[in-house]
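Asker: Input target_29.csv, format and content: CSV, C-alpha atoms and all ligand atoms.
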```csv
chain,number,residue,atom,x,y,z
A,1,MET,CA,62.1,97.0,115.9
A,2,ALA,CA,62.8,97.7,112.3
A,3,GLU,CA,65.7,96.5,110.3
A,4,ILE,CA,67.7,99.0,108.3
A,5,THR,CA,68.8,97.5,105.0
A,6,ARG,CA,71.0,98.7,102.3
A,7,GLU,CA,68.0,98.9,100.0
A,8,PHE,CA,66.3,101.3,102.4
A,9,ILE,CA,69.4,103.6,102.7
A,10,LYS,CA,69.8,103.5,99.0
A,11,ALA,CA,66.2,104.6,98.5
A,12,LEU,CA,66.5,107.6,100.8
A,13,PRO,CA,67.2,110.9,99.1
A,14,LYS,CA,70.8,111.8,99.7
A,15,THR,CA,73.5,114.4,99.0
A,16,ASP,CA,77.2,113.9,98.0
A,17,LEU,CA,78.9,117.2,98.8
A,18,HIS,CA,82.5,116.0,98.6
A,19,VAL,CA,83.3,114.0,95.5
A,20,HIS,CA,86.1,114.4,92.9
A,21,LEU,CA,85.2,113.9,89.3
A,22,ASP,CA,88.7,112.5,88.4
A,23,GLY,CA,88.3,109.9,91.2
A,24,SER,CA,84.9,108.8,90.2
A,25,LEU,CA,85.0,107.3,86.6
A,26,ARG,CA,83.5,104.1,85.5
A,27,ILE,CA,86.3,101.5,84.9
A,28,PRO,CA,84.9,100.4,81.5
A,29,THR,CA,84.9,104.1,80.4
A,30,LEU,CA,88.5,104.5,81.6
A,31,ILE,CA,89.5,101.5,79.6
A,32,GLU,CA,87.7,102.6,76.5
A,33,LEU,CA,89.0,106.2,76.6
A,34,ALA,CA,92.6,104.9,77.3
A,35,LYS,CA,92.3,102.8,74.1
A,36,GLU,CA,91.0,105.7,72.1
A,37,GLN,CA,93.6,108.1,73.4
A,38,ASP,CA,96.7,105.8,73.4
A,39,VAL,CA,97.0,106.0,77.2
A,40,LYS,CA,98.7,102.9,78.6
A,41,LEU,CA,97.0,101.4,81.6
A,42,PRO,CA,98.6,98.7,83.9
A,43,SER,CA,95.8,96.4,82.9
A,44,ASN,CA,93.0,96.4,80.3
A,45,THR,CA,90.4,94.6,82.2
A,46,GLU,CA,88.1,95.7,85.1
A,47,GLU,CA,89.3,92.8,87.3
A,48,GLY,CA,92.9,93.6,86.5
A,49,LEU,CA,92.6,97.3,87.3
A,50,ARG,CA,90.8,96.4,90.6
A,51,GLU,CA,93.7,94.2,91.5
A,52,VAL,CA,96.6,96.6,90.8
A,53,LEU,CA,95.2,100.1,90.8
A,54,PHE,CA,91.7,100.6,92.4
A,55,LYS,CA,91.8,98.6,95.5
A,56,ASP,CA,89.8,98.3,98.7
A,57,ALA,CA,92.8,99.1,100.8
A,58,TYR,CA,96.0,100.9,99.9
A,59,ALA,CA,99.4,100.6,101.5
A,60,ASN,CA,100.0,104.4,101.6
A,61,LEU,CA,98.9,107.7,100.1
A,62,PRO,CA,101.2,107.5,97.0
A,63,GLU,CA,99.5,104.2,96.2
A,64,TYR,CA,96.1,105.8,96.6
A,65,LEU,CA,97.0,108.7,94.4
A,66,GLU,CA,98.5,106.5,91.6
A,67,GLY,CA,95.1,105.9,90.1
A,68,PHE,CA,94.6,109.6,89.5
A,69,SER,CA,97.5,109.8,87.1
A,70,TYR,CA,95.6,107.4,84.8
A,71,THR,CA,92.2,109.0,85.2
A,72,ALA,CA,93.6,112.5,84.6
A,73,ALA,CA,95.4,111.3,81.5
A,74,VAL,CA,92.1,110.4,79.8
A,75,MET,CA,90.4,113.6,80.9
A,76,GLN,CA,92.3,116.0,78.6
A,77,ASP,CA,89.6,116.6,75.9
A,78,ALA,CA,86.1,118.1,76.0
A,79,GLU,CA,84.3,115.0,74.8
A,80,ALA,CA,85.8,112.8,77.5
A,81,LEU,CA,85.1,115.3,80.2
A,82,GLU,CA,81.5,115.6,79.1
A,83,ARG,CA,81.0,111.9,79.0
A,84,ILE,CA,82.7,111.3,82.4
A,85,ALA,CA,80.5,114.0,84.1
A,86,TYR,CA,77.4,112.6,82.5
A,87,GLU,CA,78.1,109.1,83.7
A,88,PHE,CA,79.1,110.4,87.1
A,89,ALA,CA,75.7,112.1,87.6
A,90,LEU,CA,73.8,109.0,86.4
A,91,ASP,CA,75.8,106.7,88.8
A,92,SER,CA,75.2,109.1,91.7
A,93,PHE,CA,71.5,109.2,91.0
A,94,GLU,CA,71.5,105.4,90.7
A,95,ASP,CA,72.7,105.4,94.3
A,96,GLY,CA,69.8,107.6,95.4
A,97,VAL,CA,71.8,110.8,95.4
A,98,LEU,CA,69.5,113.6,94.4
A,99,TYR,CA,71.8,116.5,95.0
A,100,CYS,CA,75.6,116.4,94.4
A,101,GLU,CA,78.4,118.9,94.2
A,102,VAL,CA,81.1,117.5,92.1
A,103,ARG,CA,84.6,119.0,92.3
A,104,LEU,CA,87.5,119.2,90.0
A,105,ALA,CA,90.7,121.1,89.5
A,106,PRO,CA,90.1,122.6,86.0
A,107,GLN,CA,93.8,123.4,85.6
A,108,ARG,CA,94.6,119.7,85.7
A,109,HIS,CA,92.8,119.4,82.4
A,110,MET,CA,94.0,122.6,80.6
A,111,SER,CA,96.3,122.9,77.7
A,112,ASP,CA,96.7,124.9,74.5
A,113,LYS,CA,93.8,123.0,73.1
A,114,LEU,CA,91.5,123.2,76.1
A,115,GLY,CA,91.0,126.4,78.1
A,116,MET,CA,89.4,126.8,81.5
A,117,ASP,CA,86.1,127.7,79.9
A,118,ASP,CA,86.2,124.6,77.7
A,119,VAL,CA,86.9,122.3,80.7
A,120,LEU,CA,84.1,123.7,82.9
A,121,LYS,CA,81.6,124.0,80.1
A,122,SER,CA,82.2,120.4,79.0
A,123,VAL,CA,81.7,119.1,82.6
A,124,ASN,CA,78.6,121.2,83.0
A,125,ALA,CA,77.2,120.0,79.7
A,126,GLY,CA,77.6,116.4,80.8
A,127,LEU,CA,76.0,117.0,84.2
A,128,ASP,CA,73.2,119.0,82.6
A,129,ARG,CA,72.5,116.2,80.0
A,130,ALA,CA,72.2,113.7,82.8
A,131,LYS,CA,70.0,116.1,84.9
A,132,LYS,CA,67.6,116.5,82.0
A,133,GLU,CA,67.4,112.8,81.4
A,134,ILE,CA,66.9,112.0,85.1
A,135,ASN,CA,64.3,114.7,85.6
A,136,SER,CA,62.2,113.5,82.7
A,137,ARG,CA,61.7,110.1,84.3
A,138,ASN,CA,58.1,109.4,85.0
A,139,ASP,CA,58.2,109.5,88.8
A,140,ILE,CA,60.1,112.8,88.9
A,141,ALA,CA,58.1,114.5,86.1
A,142,ALA,CA,54.9,113.5,87.9
A,143,GLY,CA,56.2,115.1,91.1
A,144,ASP,CA,56.3,111.8,93.1
A,145,ARG,CA,60.0,112.2,93.7
A,146,PRO,CA,62.1,115.4,94.0
A,147,HIS,CA,64.2,116.3,91.0
A,148,PHE,CA,68.0,115.9,90.6
A,149,GLU,CA,70.2,118.9,91.1
A,150,TYR,CA,73.9,119.6,91.1
A,151,GLY,CA,76.6,122.2,91.6
A,152,ILE,CA,80.3,122.4,90.5
A,153,ILE,CA,83.1,123.1,92.9
A,154,ALA,CA,86.4,124.4,91.4
A,155,CYS,CA,89.6,123.3,93.2
A,156,ALA,CA,92.9,125.1,93.1
A,157,MET,CA,96.0,122.9,93.7
A,158,ARG,CA,98.0,123.6,96.8
A,159,LYS,CA,101.1,122.6,94.8
A,160,PHE,CA,101.7,121.4,91.3
A,161,GLU,CA,104.5,119.9,89.2
A,162,GLN,CA,105.1,119.9,85.5
A,163,SER,CA,103.6,116.4,85.2
A,164,TYR,CA,100.2,117.6,86.6
A,165,SER,CA,99.1,119.0,83.2
A,166,GLU,CA,100.1,120.9,80.1
A,167,TYR,CA,98.9,124.1,81.8
A,168,PHE,CA,100.9,123.6,84.9
A,169,ARG,CA,104.0,122.7,82.8
A,170,GLN,CA,103.7,126.0,80.9
A,171,ILE,CA,103.3,128.0,84.1
A,172,ILE,CA,106.5,126.5,85.4
A,173,GLU,CA,108.5,126.8,82.2
A,174,LEU,CA,107.4,130.2,81.2
A,175,ASN,CA,107.9,131.8,84.7
A,176,PRO,CA,111.3,130.4,85.8
A,177,ASN,CA,112.0,133.5,88.0
A,178,ILE,CA,108.8,133.6,90.0
A,179,PRO,CA,109.3,131.9,93.4
A,180,ILE,CA,107.5,128.5,93.5
A,181,LEU,CA,104.9,129.6,96.1
A,182,GLU,CA,104.0,132.7,94.1
A,183,ARG,CA,103.3,130.4,91.1
A,184,TYR,CA,100.8,128.4,93.2
A,185,LYS,CA,99.2,131.6,94.4
A,186,ILE,CA,98.9,133.1,90.9
A,187,ALA,CA,97.3,129.9,89.5
A,188,ALA,CA,94.8,129.8,92.4
A,189,SER,CA,93.8,133.4,92.0
A,190,ASP,CA,93.5,133.0,88.2
A,191,LEU,CA,91.2,130.1,88.7
A,192,VAL,CA,89.0,132.1,91.1
A,193,ARG,CA,88.7,135.0,88.7
A,194,GLY,CA,87.9,132.6,85.8
A,195,VAL,CA,85.2,130.7,87.7
A,196,ILE,CA,83.5,133.9,88.9
A,197,ARG,CA,83.4,135.1,85.3
A,198,LEU,CA,82.0,131.8,84.1
A,199,ARG,CA,79.3,131.9,86.9
A,200,ASP,CA,78.3,135.5,86.4
A,201,GLU,CA,78.6,135.8,82.6
A,202,GLU,CA,77.9,132.3,81.4
A,203,GLY,CA,75.5,131.2,84.1
A,204,LEU,CA,77.5,128.0,85.0
A,205,PRO,CA,76.5,126.6,88.3
A,206,ILE,CA,79.9,126.9,89.9
A,207,VAL,CA,79.0,127.2,93.5
A,208,ALA,CA,82.2,127.1,95.5
A,209,PHE,CA,86.0,127.3,95.5
A,210,ASP,CA,88.2,124.6,97.2
A,211,LEU,CA,91.8,123.9,97.8
A,212,ALA,CA,93.0,120.4,97.1
A,213,GLY,CA,96.3,118.5,97.0
A,214,GLU,CA,99.1,117.9,99.5
A,215,GLU,CA,98.2,119.6,102.8
A,216,ALA,CA,101.3,119.2,104.9
A,217,GLY,CA,103.8,121.9,104.0
A,218,TYR,CA,101.3,123.9,102.0
A,219,PRO,CA,99.2,125.9,104.5
A,220,ALA,CA,95.8,127.1,103.5
A,221,ALA,CA,96.7,130.6,104.7
A,222,ASP,CA,99.0,131.0,101.6
A,223,TYR,CA,96.0,131.0,99.4
A,224,ALA,CA,94.1,133.6,101.4
A,225,GLU,CA,94.1,136.0,98.5
A,226,ALA,CA,92.3,133.6,96.2
A,227,TYR,CA,89.8,132.8,98.9
A,228,ASP,CA,89.3,136.5,99.5
A,229,LEU,CA,88.5,137.0,95.9
A,230,ALA,CA,85.9,134.2,96.1
A,231,HIS,CA,84.5,135.5,99.3
A,232,LYS,CA,84.0,139.0,98.0
A,233,ALA,CA,82.2,137.7,94.9
A,234,PHE,CA,79.7,135.8,97.1
A,235,MET,CA,81.1,132.4,96.1
A,236,MET,CA,81.0,129.7,98.8
A,237,LYS,CA,84.2,128.3,100.2
A,238,THR,CA,85.3,124.8,101.3
A,239,VAL,CA,88.9,123.8,102.1
A,240,HIS,CA,90.5,120.3,102.4
A,241,ALA,CA,91.8,120.7,105.9
A,242,GLY,CA,92.7,118.4,108.8
A,243,GLU,CA,93.3,115.4,106.6
A,244,SER,CA,97.1,115.1,106.6
A,245,TYR,CA,97.7,118.0,108.9
A,246,GLY,CA,96.4,119.1,112.3
A,247,PRO,CA,93.9,121.5,113.8
A,248,PRO,CA,95.9,124.6,112.8
A,249,SER,CA,95.1,123.7,109.2
A,250,ILE,CA,91.4,123.8,110.0
A,251,PHE,CA,91.9,127.0,112.0
A,252,GLN,CA,93.5,128.7,108.9
A,253,ALA,CA,90.7,127.4,106.7
A,254,ILE,CA,88.2,129.3,108.9
A,255,THR,CA,90.1,132.4,109.8
A,256,GLU,CA,92.1,133.0,106.6
A,257,CYS,CA,89.9,131.4,103.9
A,258,HIS,CA,86.4,132.0,105.2
A,259,ALA,CA,85.5,128.3,105.0
A,260,ASP,CA,81.8,127.6,104.9
A,261,ARG,CA,82.5,123.9,105.0
A,262,ILE,CA,85.6,121.8,105.8
A,263,GLY,CA,86.7,118.9,103.6
A,264,HIS,CA,87.5,115.9,105.9
A,265,GLY,CA,88.5,117.7,109.2
A,266,THR,CA,89.6,114.3,110.4
A,267,ASN,CA,92.3,115.6,112.7
A,268,LEU,CA,90.1,118.2,114.3
A,269,PHE,CA,90.5,116.8,117.8
A,270,ARG,CA,94.2,116.0,117.7
A,271,ASP,CA,95.7,118.4,120.3
A,272,ASP,CA,99.0,116.5,119.9
A,273,MET,CA,99.2,118.1,116.4
A,274,VAL,CA,99.1,121.6,117.8
A,275,ASN,CA,102.3,123.5,118.4
A,276,LEU,CA,101.7,125.2,121.7
A,277,PRO,CA,104.0,125.0,124.8
A,278,THR,CA,101.7,123.3,127.3
A,279,GLU,CA,99.1,120.6,127.2
A,280,GLN,CA,96.5,122.9,128.7
A,281,GLU,CA,97.0,125.5,125.9
A,282,ARG,CA,96.8,122.8,123.2
A,283,LYS,CA,93.6,121.4,124.7
A,284,HIS,CA,92.1,124.8,125.0
A,285,TYR,CA,92.9,125.7,121.4
A,286,VAL,CA,91.4,122.5,120.0
A,287,ARG,CA,88.3,122.9,122.2
A,288,ALA,CA,87.7,126.5,121.2
A,289,LEU,CA,88.2,125.5,117.5
A,290,TRP,CA,85.6,122.7,117.5
A,291,GLN,CA,83.2,124.7,119.6
A,292,TYR,CA,83.3,127.5,117.1
A,293,ILE,CA,82.8,125.0,114.2
A,294,ALA,CA,79.8,123.5,116.0
A,295,ASP,CA,78.2,126.8,116.9
A,296,ARG,CA,78.7,128.3,113.4
A,297,ARG,CA,77.4,125.1,111.8
A,298,ILE,CA,80.4,124.8,109.6
A,299,THR,CA,79.7,121.5,108.0
A,300,ILE,CA,82.4,118.8,107.9
A,301,GLU,CA,82.4,116.7,104.8
A,302,VAL,CA,83.2,113.3,106.3
A,303,CYS,CA,84.7,110.6,103.9
A,304,LEU,CA,85.1,107.5,106.1
A,305,THR,CA,86.4,105.0,103.5
A,306,SER,CA,88.8,107.5,101.9
A,307,ASN,CA,90.2,108.4,105.4
A,308,MET,CA,90.7,104.8,106.3
A,309,GLN,CA,92.6,104.3,103.0
A,310,THR,CA,94.9,107.4,103.4
A,311,ILE,CA,95.3,108.3,107.1
A,312,PRO,CA,97.5,105.7,108.8
A,313,ASN,CA,95.9,106.0,112.3
A,314,ILE,CA,92.4,105.6,110.9
A,315,MET,CA,92.9,102.1,109.4
A,316,ARG,CA,89.9,101.0,111.4
A,317,VAL,CA,86.6,102.9,111.2
A,318,GLU,CA,86.1,102.7,115.0
A,319,ASN,CA,89.1,105.1,115.3
A,320,HIS,CA,87.5,107.7,113.1
A,321,PRO,CA,86.6,110.9,115.0
A,322,VAL,CA,83.1,111.1,113.4
A,323,GLY,CA,81.9,109.4,116.6
A,324,LEU,CA,83.2,112.4,118.6
A,325,MET,CA,81.8,114.8,116.0
A,326,LEU,CA,78.4,113.3,116.3
A,327,GLU,CA,78.5,113.2,120.1
A,328,ASN,CA,79.3,116.9,120.2
A,329,ARG,CA,76.6,117.7,117.6
A,330,LEU,CA,78.9,119.1,114.9
A,331,SER,CA,77.3,119.4,111.5
A,332,THR,CA,78.5,116.5,109.4
A,333,THR,CA,77.6,115.0,106.1
A,334,PHE,CA,78.7,111.7,104.7
A,335,CYS,CA,80.5,111.9,101.3
A,336,THR,CA,82.3,109.5,99.0
A,337,ASP,CA,85.4,111.6,98.1
A,338,ASN,CA,86.2,109.3,95.2
A,339,ARG,CA,83.6,106.8,94.0
A,340,LEU,CA,86.1,104.8,92.0
A,341,ILE,CA,89.4,105.2,93.8
A,342,SER,CA,87.7,104.6,97.2
A,343,ASN,CA,85.4,102.0,95.6
A,344,THR,CA,82.4,103.4,97.5
A,345,THR,CA,79.0,105.0,97.3
A,346,VAL,CA,77.1,107.4,99.6
A,347,THR,CA,74.9,104.4,100.6
A,348,ASP,CA,78.0,102.4,101.5
A,349,GLU,CA,79.4,105.4,103.6
A,350,ILE,CA,76.1,105.7,105.5
A,351,MET,CA,75.9,101.9,106.1
A,352,LEU,CA,79.5,102.0,107.4
A,353,ALA,CA,78.6,104.9,109.8
A,354,LEU,CA,75.4,103.2,111.0
A,355,ARG,CA,77.2,99.9,111.8
A,356,HIS,CA,79.9,101.5,113.9
A,357,PHE,CA,78.5,104.7,115.5
A,358,GLY,CA,75.1,103.8,116.7
A,359,ILE,CA,73.2,106.5,114.9
A,360,ALA,CA,69.4,106.6,115.6
A,361,GLN,CA,67.0,106.9,112.7
A,362,ARG,CA,65.9,110.3,113.8
A,363,ARG,CA,69.5,111.5,113.9
A,364,LEU,CA,70.2,110.0,110.5
A,365,LYS,CA,67.3,111.9,109.1
A,366,ASP,CA,68.7,115.1,110.6
A,367,ILE,CA,72.2,114.4,109.1
A,368,ILE,CA,70.9,113.6,105.6
A,369,ILE,CA,68.5,116.6,105.5
A,370,TYR,CA,71.2,118.9,106.9
A,371,GLY,CA,73.3,117.9,103.8
A,372,PHE,CA,70.7,119.5,101.6
A,373,LYS,CA,70.5,122.5,103.8
A,374,ARG,CA,74.2,123.1,104.0
A,375,SER,CA,74.6,122.6,100.3
A,376,PHE,CA,75.8,125.4,98.1
A,377,PHE,CA,72.6,125.3,96.0
A,378,ALA,CA,73.0,127.3,92.8
A,379,HIS,CA,69.5,128.7,92.7
A,380,PRO,CA,67.6,131.3,94.7
A,381,TYR,CA,67.2,130.8,98.4
A,382,LEU,CA,63.4,130.3,98.3
A,383,GLU,CA,63.8,127.7,95.7
A,384,LYS,CA,66.3,125.9,97.9
A,385,ARG,CA,63.9,126.0,100.8
A,386,GLY,CA,61.1,124.5,98.6
A,387,TYR,CA,63.5,121.8,97.4
A,388,VAL,CA,64.5,120.9,101.0
A,389,ARG,CA,60.8,120.7,101.9
A,390,LYS,CA,60.2,118.3,99.1
A,391,ILE,CA,63.2,116.2,100.1
A,392,ILE,CA,61.9,116.0,103.7
A,393,ASP,CA,58.5,114.8,102.5
A,394,TYR,CA,60.0,112.3,100.2
A,395,PHE,CA,62.3,111.0,103.0
A,396,ASP,CA,59.1,110.4,105.0
A,397,ASP,CA,57.5,108.6,102.1
A,398,VAL,CA,60.5,106.3,101.8
A,399,GLN,CA,60.4,105.5,105.5
A,400,LYS,CA,56.7,104.6,105.2
A,401,ARG,CA,57.4,102.4,102.2
A,402,PHE,CA,60.1,100.5,104.2
A,403,LYS,CA,58.0,100.6,107.4
A,404,VAL,CA,60.6,102.5,109.4
A,405,THR,CA,59.7,105.4,111.7
A,406,THR,CA,62.0,107.9,113.2
A,407,ASP,CA,61.1,107.0,116.7
A,408,GLN,CA,61.6,103.3,116.6
A,409,GLU,CA,64.7,101.4,117.5
A,410,VAL,CA,66.5,100.0,114.6
A,411,THR,CA,69.0,97.3,113.9
A,412,ILE,CA,71.4,97.3,110.9
A,413,ALA,CA,71.1,94.4,108.6
A,414,GLU,CA,74.3,92.4,108.0
A,415,SER,CA,75.8,92.6,104.4
A,501,ZN,ZN,88.7,115.4,98.6
```
Take the structure I supplied and represent it as structure tokens, if you would.
Answerer:
Amino acid sequence: MAEITREFIKALPKTDLHVHLDGSLRIPTLIELAKEQDVKLPSNTEEGLREVLFKDAYANLPEYLEGFSYTAAVMQDAEALERIAYEFALDSFEDGVLYCEVRLAPQRHMSDKLGMDDVLKSVNAGLDRAKKEINSRNDIAAGDRPHFEYGIIACAMRKFEQSYSEYFRQIIELNPNIPILERYKIAASDLVRGVIRLRDEEGLPIVAFDLAGEEAGYPAADYAEAYDLAHKAFMMKTVHAGESYGPPSIFQAITECHADRIGHGTNLFRDDMVNLPTEQERKHYVRALWQYIADRRITIEVCLTSNMQTIPNIMRVENHPVGLMLENRLSTTFCTDNRLISNTTVTDEIMLALRHFGIAQRRLKDIIIYGFKRSFFAHPYLEKRGYVRKIIDYFDDVQKRFKVTTDQEVTIAES
């Protein structure tokens, strides 16, 4: 019997397919940038910020979201965005993540001084700088370890207010006669058009479009036009769905927004959140929905720690539906959501899952490798296949190094 340790999980090649840049800063960087930019923080020390802002547990969603107002405040210029993206990639790599898709809502960083192109080019420059540095390491350059890769996911906001950014303030102020929902739709479609242009004309690895922000009251179907634009330009689609709303939100993501993956999907099995007259109809609807997701291999980006912090009935990991997802063979991948705000890493997320859901080593290998397969890899398909092949070989190398085999029974080391 082999013991699975944190060091082993950390050494395995991993993906992070659901992670927000503005939720994943280094605290010392936040403090430094705040000083430079005259942004007032509730504390100027790492311990202080951990105490009042970036906690292990949050009382409610507003408390969870509070940290973002400070991180977004220091992400309004090109240099800061470049640095934060650079550090993010290094930190992910340090955790053994070899492929990540980092997402951001470019419009939250836009102003008269910083356009959409500037935001995305700065973020890409930071990621690219880290990638070059990482890939020139001896073990990677020698081919002993697969190289580091990344993609960028652009998020539209389901709703926005003047305080969200200078760009959003202007949209609201300059268009007082456009109904609120129309403003949201216009901003979302404008973002899609912009990122398609940046991908096609400037070669930026923007791989997918996403919808983020408050889910309840802002159905994904309202943004179908933006998703249609992305879909018809061969851009991949993921949607935050089933996090604070029920299965119909996931249904809309699939039927109206052509979702290739689902962000969270936590409430997928909640037939009590379906508005149909009889229990039988509700159960049938939910079953048909998850059967479809399973069969089409629509990957669910599972963020355990984040869900425990923001969804009241999932305060304990045992209550998380990932157990049911795994039991029913849905395609799932473990992600951080927010490395700083959720105070987690991919290694931590996998350790948490292993401790509570009895995942065999063979299955863990499938889940991790499937993350690479279901990624929105920015390069040609044959290159993606070659990359996945190298990842599988490297996975086996790491297992050998730690004397773990896929067939043996494993126990999970405490701590
Ligand atoms: Zn998210």
Asker: Which residues of chain A come within 12 Å of ligand ZN 501 (chain A), and what is each one's closest atom pair and distance in Å (one decimal), counting only C-alpha atoms and all ligand atoms, sorted by chain and residue number, as CSV?
Answerer:
```
residue,atom,partner,partner_atom,distance
A:Asp16,CA,A:ZN501,ZN,11.6
A:Leu17,CA,A:ZN501,ZN,10.0
A:His18,CA,A:ZN501,ZN,6.2
A:Val19,CA,A:ZN501,ZN,6.4
A:His20,CA,A:ZN501,ZN,6.3
A:Leu21,CA,A:ZN501,ZN,10.0
A:Asp22,CA,A:ZN501,ZN,10.6
A:Gly23,CA,A:ZN501,ZN,9.2
A:Ser24,CA,A:ZN501,ZN,11.3
A:Leu65,CA,A:ZN501,ZN,11.5
A:Glu101,CA,A:ZN501,ZN,11.7
A:Val102,CA,A:ZN501,ZN,10.2
A:Arg103,CA,A:ZN501,ZN,8.3
A:Leu104,CA,A:ZN501,ZN,9.5
A:Ala105,CA,A:ZN501,ZN,10.9
A:Ile153,CA,A:ZN501,ZN,11.1
A:Ala154,CA,A:ZN501,ZN,11.8
A:Cys155,CA,A:ZN501,ZN,9.6
A:Ala156,CA,A:ZN501,ZN,11.9
A:Met157,CA,A:ZN501,ZN,11.6
A:Asp210,CA,A:ZN501,ZN,9.3
A:Leu211,CA,A:ZN501,ZN,9.1
A:Ala212,CA,A:ZN501,ZN,6.8
A:Gly213,CA,A:ZN501,ZN,8.4
A:Glu214,CA,A:ZN501,ZN,10.7
A:Glu215,CA,A:ZN501,ZN,11.2
A:Thr238,CA,A:ZN501,ZN,10.4
A:Val239,CA,A:ZN501,ZN,9.1
A:His240,CA,A:ZN501,ZN,6.5
A:Ala241,CA,A:ZN501,ZN,9.5
A:Gly242,CA,A:ZN501,ZN,11.4
A:Glu243,CA,A:ZN501,ZN,9.2
A:Ser244,CA,A:ZN501,ZN,11.6
A:Ile262,CA,A:ZN501,ZN,10.1
A:Gly263,CA,A:ZN501,ZN,6.4
A:His264,CA,A:ZN501,ZN,7.4
A:Gly265,CA,A:ZN501,ZN,10.8
A:Thr266,CA,A:ZN501,ZN,11.9
A:Ile300,CA,A:ZN501,ZN,11.7
A:Glu301,CA,A:ZN501,ZN,8.9
A:Val302,CA,A:ZN501,ZN,9.7
A:Cys303,CA,A:ZN501,ZN,8.2
A:Leu304,CA,A:ZN501,ZN,11.5
A:Thr305,CA,A:ZN501,ZN,11.7
A:Ser306,CA,A:ZN501,ZN,8.6
A:Asn307,CA,A:ZN501,ZN,9.9
A:Thr310,CA,A:ZN501,ZN,11.2
A:Cys335,CA,A:ZN501,ZN,9.3
A:Thr336,CA,A:ZN501,ZN,8.7
A:Asp337,CA,A:ZN501,ZN,5.1
A:Asn338,CA,A:ZN501,ZN,7.4
A:Arg339,CA,A:ZN501,ZN,11.0
A:Ile341,CA,A:ZN501,ZN,11.3
A:Ser342,CA,A:ZN501,ZN,10.9
```
Asker: Please return, as number ranges by chain, all polymer residues that have at least one atom within 6 Å of the point (82.0, 124.5, 96.7); use all atoms listed in the file and the file's own coordinate frame.
Answerer: A: 153, 207-209, 236-238
Asker: Near Leu268 in chain A, within 8 Å and counting all atoms listed in the file, which residues show up once chain neighbours fewer than 3 positions away are dropped, as a PDB file with C-alpha atoms, in the frame of the given file?
Answerer:
```
ATOM      1  CA  GLY A 242      92.700 118.400 108.800  1.00  0.00           C
ATOM      2  CA  GLY A 246      96.400 119.100 112.300  1.00  0.00           C
ATOM      3  CA  PRO A 247      93.900 121.500 113.800  1.00  0.00           C
ATOM      4  CA  ILE A 250      91.400 123.800 110.000  1.00  0.00           C
ATOM      5  CA  GLY A 265      88.500 117.700 109.200  1.00  0.00           C
ATOM      6  CA  VAL A 286      91.400 122.500 120.000  1.00  0.00           C
ATOM      7  CA  TRP A 290      85.600 122.700 117.500  1.00  0.00           C
TER       8      TRP A 290
END
```
Asker: Report, in Å with one decimal, the straight-line distance from CA of Phe234 in chain A to CA of Arg389 in chain A.
Answerer: 24.7 Å
Asker: Calculate how many Å separate CA of Tyr70 in chain A from CA of Lys113 in chain A, rounding to one decimal.
Answerer: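 Taking CA of Tyr70 in chain A as the start and CA of Lys113 in chain A as the end point, the length is 19.6 Å.
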Asker: Just the residues within 6 Å of Val123 in chain A, please, counting only C-alpha atoms, with nothing from its chain fewer than 5 positions along; format it as a list in words.
Answerer: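 The neighbour list is Leu81, Glu82 and Ala85 of chain A.
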Asker: Which residue, A:His320, A:Arg282, A:Arg50, A:Arg26, has the smallest gap to Asn267 in chain A when you use only C-alpha atoms?
Answerer: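 Counting only C-alpha atoms, the residue closest to Asn267 in chain A is A:His320.
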Asker: At a cut-off of 8 Å, using all atoms listed in the file, what residues contact Ile367 in chain A? Leave out same-chain residues fewer than 2 positions from it and give the result as a ChimeraX atom specification.
Answerer: /A:331-333,363-365,369-371
Asker: Take the residues that were just selected and, keeping C-alpha atoms, output them as a compact mmCIF listing (two decimals), keeping the file's coordinate frame.
Answerer:
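Final file, result-v8.txt:
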```txt
# COMPACT_ATOMS: atom_id res chain seq x y z
CA SER A 331 77.30 119.40 111.50
CA THR A 332 78.50 116.50 109.40
CA THR A 333 77.60 115.00 106.10
CA ARG A 363 69.50 111.50 113.90
CA LEU A 364 70.20 110.00 110.50
CA LYS A 365 67.30 111.90 109.10
CA ILE A 369 68.50 116.60 105.50
CA TYR A 370 71.20 118.90 106.90
CA GLY A 371 73.30 117.90 103.80
```
Asker: Do you know which residues are at most 10 Å from range 193-204 of chain A counting all atoms listed in the file, after dropping those on the same chain fewer than 5 positions away, and could you put them as a list of chain:residue names?
Answerer: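 Here the answer would be A:Pro106, A:Met116, A:Asp117, A:Leu120, A:Lys121, A:Asn124, A:Ala125, A:Gly151, A:Ile152, A:Ile153, A:Ala154, A:Ala188, A:Phe209, A:Ala226, A:Leu229, A:Ala230, A:Ala233, A:Phe234, A:Met235, A:Ala378.
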Asker: Anything within 12 Å of (73.1, 107.8, 91.7): list those residues as an MDAnalysis selection string, counting all atoms listed in the file and sticking to the file's coordinates.
Answerer: chainID A and resid 10:16 24 86:100 130:131 134 148:150 336 339 344:347
Asker: Looking at all atoms listed in the file, which of A:Ile178, A:Leu41, A:Ile254, A:Ile206 is the one that sits closest to Phe377 in chain A?
Answerer: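 Of all the options, A:Ile206 lies closest to Phe377 in chain A.
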Asker: Looking at only C-alpha atoms, which of A:Leu53, A:Met325, A:Ala294, A:Ala78 is the one that sits closest to Met110 in chain A?
Answerer: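 For Met110 in chain A, the nearest of the candidates is A:Ala78.
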Asker: Which residues, written as a list in words, have at least one atom at most 12 Å from range 397-403 of chain A, with only C-alpha atoms counted and residues fewer than 5 positions away on the same chain left out?
Answerer: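 Selected residues are Met1, Ala2, Glu3, Ile4, Thr5, Arg6, Glu7, Phe8, Ile9, Lys10, Ala11, Leu12, Pro13, Lys14, Gly96, Asp144, Arg145, Pro146, Gln361, Arg362, Leu364, Lys365, Lys390, Ile391, Ile392, Gln408 and Val410 of chain A.
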